[in-house]
Amino acid sequence: MTDSVQDRAELLSAFRDAMRHVAATVYAVTTMHEGQRYGILATAVNSLSFDPPSLLVCINRNASVHDPLFAAQTFAVNVLGLGNRDVAEHFMLPDAESRFSVGEWEEQAGVPVLANAQSSFVCRMANCHEFGTHSVFIGELLAAKHRQDATPLTYFDRHYIDISEAPGRSEV
């Protein structure tokens with residue numbers, strides 16, 4: 001085996017291509033700051049700990065939600081289901097407030113929560129770390145809810161997919 005190191009451009013291209021082929025659940029990360037709602041789509045979200053219950057949320061420092069989330073110290077992670085594709089499409093719009101023009105939004109702990117999301121987690125920021133272009137927000141749970149009848153909206157190779165219809169899917 002040859003020990004070779006890719007140059008930076010090759011490495012970044014290979015990383016992007018490889019990550020495009022990792023299926024990921026789609027999340028709407030939301031917050032409220034000075035009376036304005038903010039939100040973005042994210043796929044870099046993960047559970048951190050069950051005690052205390054907490055999540056990791058990675059957000060680009062140039063994203064519109066970054067600074068308001070940091071200032072507000074409270075945020076929601078809404079797990080989008082197949083029925084929330086319209087929300088995902090609106091969260092791609094440039095105007096922050098128009099992102100909330102579709103979906104059943106309610107306020108909980110001062111942040112927008114999607115009432116018909118597959119799951120929702122309301123968090124208080126416990127810590128924040130910077131790495132590269134992103135901040136890693138550690139959120140300690142304040143509230144959580146889940147719908148049993150929802151299938152997650154999944155992103156793969158620049159498209160939304162329905163994993164409930166995946167070929168060869170079997171119960172484990």
# chains A, B, ... in the order shown; residues from 1 in each chain; ligands from 1
call {"tool": "residues_around", "arguments": {"residues": "range 22-29 of chain A", "least_positions_apart": "4", "cutoff": "8 Å", "atoms": "only C-alpha atoms", "output": "list in words"}}
result
Ala18, Gly39, Ile40, Leu41, Ala42, Thr43, Val45, Phe75, Ala76, Val77, Asn78, Val79, Leu80, Ala88, Phe91, Pro152, Leu153, Thr154, Tyr155, Phe156 and Asp157 of chain A
call {"tool": "select_by_dssp", "arguments": {"residues": "chain A", "states": "strand (DSSP E)", "output": "ChimeraX atom specification"}}
result
/A:24-25,27-33,36-42,45-50,53-60,74-79,105-108,111-114,119-131,134-146,154-156,159-161
call {"tool": "atom_distance", "arguments": {"atom1": "CA of Arg158 in chain A", "atom2": "CA of Gly81 in chain A"}}
result
17.0 Å
call {"tool": "select_by_dssp", "arguments": {"residues": "chain A", "states": "alpha helix (DSSP H)", "output": "ChimeraX atom specification"}}
result
/A:8-20,66-72,85-90
call {"tool": "closest_atom_pairs", "arguments": {"of": "range 36-69 of chain A", "to": "range 115-137 of chain A", "cutoff": "8 Å", "atoms": "only C-alpha atoms", "output": "Markdown table"}}
result
| residue | atom | partner | partner_atom | distance |
| --- | --- | --- | --- | --- |
| A:Ser54 | CA | A:Cys123 | CA | 7.7 |
| A:Leu56 | CA | A:Phe137 | CA | 5.7 |
| A:Val57 | CA | A:Phe137 | CA | 5.1 |
| A:Cys58 | CA | A:Val136 | CA | 4.5 |
| A:Ile59 | CA | A:His134 | CA | 5.3 |
| A:Asn60 | CA | A:His134 | CA | 4.1 |
| A:Arg61 | CA | A:His134 | CA | 5.2 |
call {"tool": "write_last_selection", "arguments": {"atoms": "C-alpha atoms", "output": "JSON list (two decimals), in the first residue's frame"}}
result
[["chain", "number", "residue", "atom", "x", "y", "z"],
["A", 54, "SER", "CA", -28.00, 16.45, 24.87],
["A", 56, "LEU", "CA", -24.45, 18.20, 18.99],
["A", 57, "VAL", "CA", -25.40, 20.64, 16.25],
["A", 58, "CYS", "CA", -22.73, 21.80, 13.79],
["A", 59, "ILE", "CA", -23.42, 25.13, 12.07],
["A", 60, "ASN", "CA", -21.30, 27.09, 9.63],
["A", 61, "ARG", "CA", -20.25, 30.37, 11.26]]
call {"tool": "atom_distance", "arguments": {"atom1": "CA of Gln6 in chain A", "atom2": "CA of His21 in chain A"}}
result
19.8 Å
call {"tool": "atom_distance", "arguments": {"atom1": "CA of Val102 in chain A", "atom2": "CA of Gly83 in chain A"}}
result
11.7 Å
call {"tool": "residues_around", "arguments": {"residues": "range 98-100 of chain A", "least_positions_apart": "6", "cutoff": "10 Å", "atoms": "only C-alpha atoms", "output": "list in words"}}
result
Thr30, Arg37, Tyr38, Gly39, Ile40, Asp86, Val87, Ala88, Glu89, His90, Phe91, Met92, Pro112 and Leu114 of chain A
call {"tool": "decode", "arguments": {"residues": "range 40-141 of chain A", "atoms": "C-alpha atoms", "output": "mmCIF file, in the first residue's frame"}}
result
data_model
loop_
_atom_site.group_PDB
_atom_site.id
_atom_site.type_symbol
_atom_site.label_atom_id
_atom_site.label_comp_id
_atom_site.auth_asym_id
_atom_site.auth_seq_id
_atom_site.Cartn_x
_atom_site.Cartn_y
_atom_site.Cartn_z
ATOM 1 C CA ILE A 40 -31.590 26.658 8.562
ATOM 2 C CA LEU A 41 -31.527 23.110 7.253
ATOM 3 C CA ALA A 42 -28.823 20.925 8.728
ATOM 4 C CA THR A 43 -27.639 17.357 8.512
ATOM 5 C CA ALA A 44 -24.756 17.613 11.001
ATOM 6 C CA VAL A 45 -26.777 16.807 14.129
ATOM 7 C CA ASN A 46 -26.217 13.930 16.540
ATOM 8 C CA SER A 47 -27.064 12.766 20.023
ATOM 9 C CA LEU A 48 -24.283 13.383 22.528
ATOM 10 C CA SER A 49 -25.341 12.025 25.896
ATOM 11 C CA PHE A 50 -28.352 10.476 27.599
ATOM 12 C CA ASP A 51 -27.404 11.936 30.986
ATOM 13 C CA PRO A 52 -27.788 14.801 30.676
ATOM 14 C CA PRO A 53 -29.808 14.369 27.477
ATOM 15 C CA SER A 54 -27.997 16.453 24.872
ATOM 16 C CA LEU A 55 -27.320 16.987 21.177
ATOM 17 C CA LEU A 56 -24.453 18.200 18.985
ATOM 18 C CA VAL A 57 -25.400 20.644 16.246
ATOM 19 C CA CYS A 58 -22.732 21.798 13.787
ATOM 20 C CA ILE A 59 -23.419 25.125 12.073
ATOM 21 C CA ASN A 60 -21.303 27.089 9.635
ATOM 22 C CA ARG A 61 -20.253 30.366 11.258
ATOM 23 C CA ASN A 62 -21.431 32.230 8.117
ATOM 24 C CA ALA A 63 -24.961 30.779 8.341
ATOM 25 C CA SER A 64 -27.756 33.239 9.085
ATOM 26 C CA VAL A 65 -28.809 31.320 12.197
ATOM 27 C CA HIS A 66 -25.330 31.132 13.759
ATOM 28 C CA ASP A 67 -25.034 34.470 15.565
ATOM 29 C CA PRO A 68 -28.711 34.672 16.633
ATOM 30 C CA LEU A 69 -28.502 31.123 18.028
ATOM 31 C CA PHE A 70 -25.333 31.952 19.921
ATOM 32 C CA ALA A 71 -26.952 35.096 21.355
ATOM 33 C CA ALA A 72 -30.290 33.443 22.192
ATOM 34 C CA GLN A 73 -28.697 30.427 23.883
ATOM 35 C CA THR A 74 -31.860 28.412 23.144
ATOM 36 C CA PHE A 75 -32.732 26.517 19.970
ATOM 37 C CA ALA A 76 -34.881 23.752 18.524
ATOM 38 C CA VAL A 77 -33.840 20.827 16.382
ATOM 39 C CA ASN A 78 -36.820 19.724 14.302
ATOM 40 C CA VAL A 79 -36.436 16.312 12.641
ATOM 41 C CA LEU A 80 -38.226 16.688 9.325
ATOM 42 C CA GLY A 81 -40.468 13.870 8.130
ATOM 43 C CA LEU A 82 -41.515 13.062 4.569
ATOM 44 C CA GLY A 83 -44.579 15.262 5.093
ATOM 45 C CA ASN A 84 -42.324 18.254 5.843
ATOM 46 C CA ARG A 85 -40.634 18.494 2.441
ATOM 47 C CA ASP A 86 -42.372 21.838 1.843
ATOM 48 C CA VAL A 87 -40.701 23.137 5.008
ATOM 49 C CA ALA A 88 -37.309 21.943 3.737
ATOM 50 C CA GLU A 89 -37.857 23.700 0.418
ATOM 51 C CA HIS A 90 -38.852 26.963 2.141
ATOM 52 C CA PHE A 91 -35.836 26.784 4.429
ATOM 53 C CA MET A 92 -33.711 27.125 1.292
ATOM 54 C CA LEU A 93 -35.171 30.612 0.632
ATOM 55 C CA PRO A 94 -32.862 33.581 1.284
ATOM 56 C CA ASP A 95 -35.326 35.553 3.444
ATOM 57 C CA ALA A 96 -35.216 34.272 7.040
ATOM 58 C CA GLU A 97 -38.853 35.005 7.899
ATOM 59 C CA SER A 98 -40.302 33.487 4.695
ATOM 60 C CA ARG A 99 -38.763 30.168 5.749
ATOM 61 C CA PHE A 100 -41.557 29.950 8.324
ATOM 62 C CA SER A 101 -44.390 30.654 5.845
ATOM 63 C CA VAL A 102 -45.263 26.949 5.587
ATOM 64 C CA GLY A 103 -45.580 24.344 8.302
ATOM 65 C CA GLU A 104 -47.338 24.290 11.640
ATOM 66 C CA TRP A 105 -45.073 26.436 13.812
ATOM 67 C CA GLU A 106 -45.581 26.982 17.529
ATOM 68 C CA GLU A 107 -43.409 28.596 20.162
ATOM 69 C CA GLN A 108 -41.887 26.554 22.952
ATOM 70 C CA ALA A 109 -39.327 27.897 25.433
ATOM 71 C CA GLY A 110 -39.092 30.990 23.233
ATOM 72 C CA VAL A 111 -38.105 29.195 19.999
ATOM 73 C CA PRO A 112 -40.042 28.083 16.896
ATOM 74 C CA VAL A 113 -40.947 24.380 16.966
ATOM 75 C CA LEU A 114 -42.506 22.548 14.030
ATOM 76 C CA ALA A 115 -45.662 20.989 15.507
ATOM 77 C CA ASN A 116 -45.897 18.267 12.842
ATOM 78 C CA ALA A 117 -42.200 17.375 12.690
ATOM 79 C CA GLN A 118 -41.223 13.736 13.104
ATOM 80 C CA SER A 119 -39.460 14.741 16.310
ATOM 81 C CA SER A 120 -38.523 18.006 18.000
ATOM 82 C CA PHE A 121 -35.874 18.775 20.576
ATOM 83 C CA VAL A 122 -35.739 22.089 22.417
ATOM 84 C CA CYS A 123 -32.293 22.792 23.829
ATOM 85 C CA ARG A 124 -30.419 25.266 25.977
ATOM 86 C CA MET A 125 -26.884 25.876 24.757
ATOM 87 C CA ALA A 126 -24.542 24.225 27.249
ATOM 88 C CA ASN A 127 -21.335 24.864 25.324
ATOM 89 C CA CYS A 128 -19.967 25.909 21.955
ATOM 90 C CA HIS A 129 -16.693 24.980 20.259
ATOM 91 C CA GLU A 130 -15.232 26.356 17.036
ATOM 92 C CA PHE A 131 -13.577 24.068 14.522
ATOM 93 C CA GLY A 132 -12.680 25.050 10.975
ATOM 94 C CA THR A 133 -15.612 26.820 9.342
ATOM 95 C CA HIS A 134 -18.161 25.609 11.906
ATOM 96 C CA SER A 135 -19.263 25.946 15.494
ATOM 97 C CA VAL A 136 -20.263 22.830 17.378
ATOM 98 C CA PHE A 137 -23.176 23.725 19.638
ATOM 99 C CA ILE A 138 -23.848 21.405 22.542
ATOM 100 C CA GLY A 139 -27.493 21.633 23.503
ATOM 101 C CA GLU A 140 -28.902 20.258 26.740
ATOM 102 C CA LEU A 141 -32.506 19.137 26.303
#
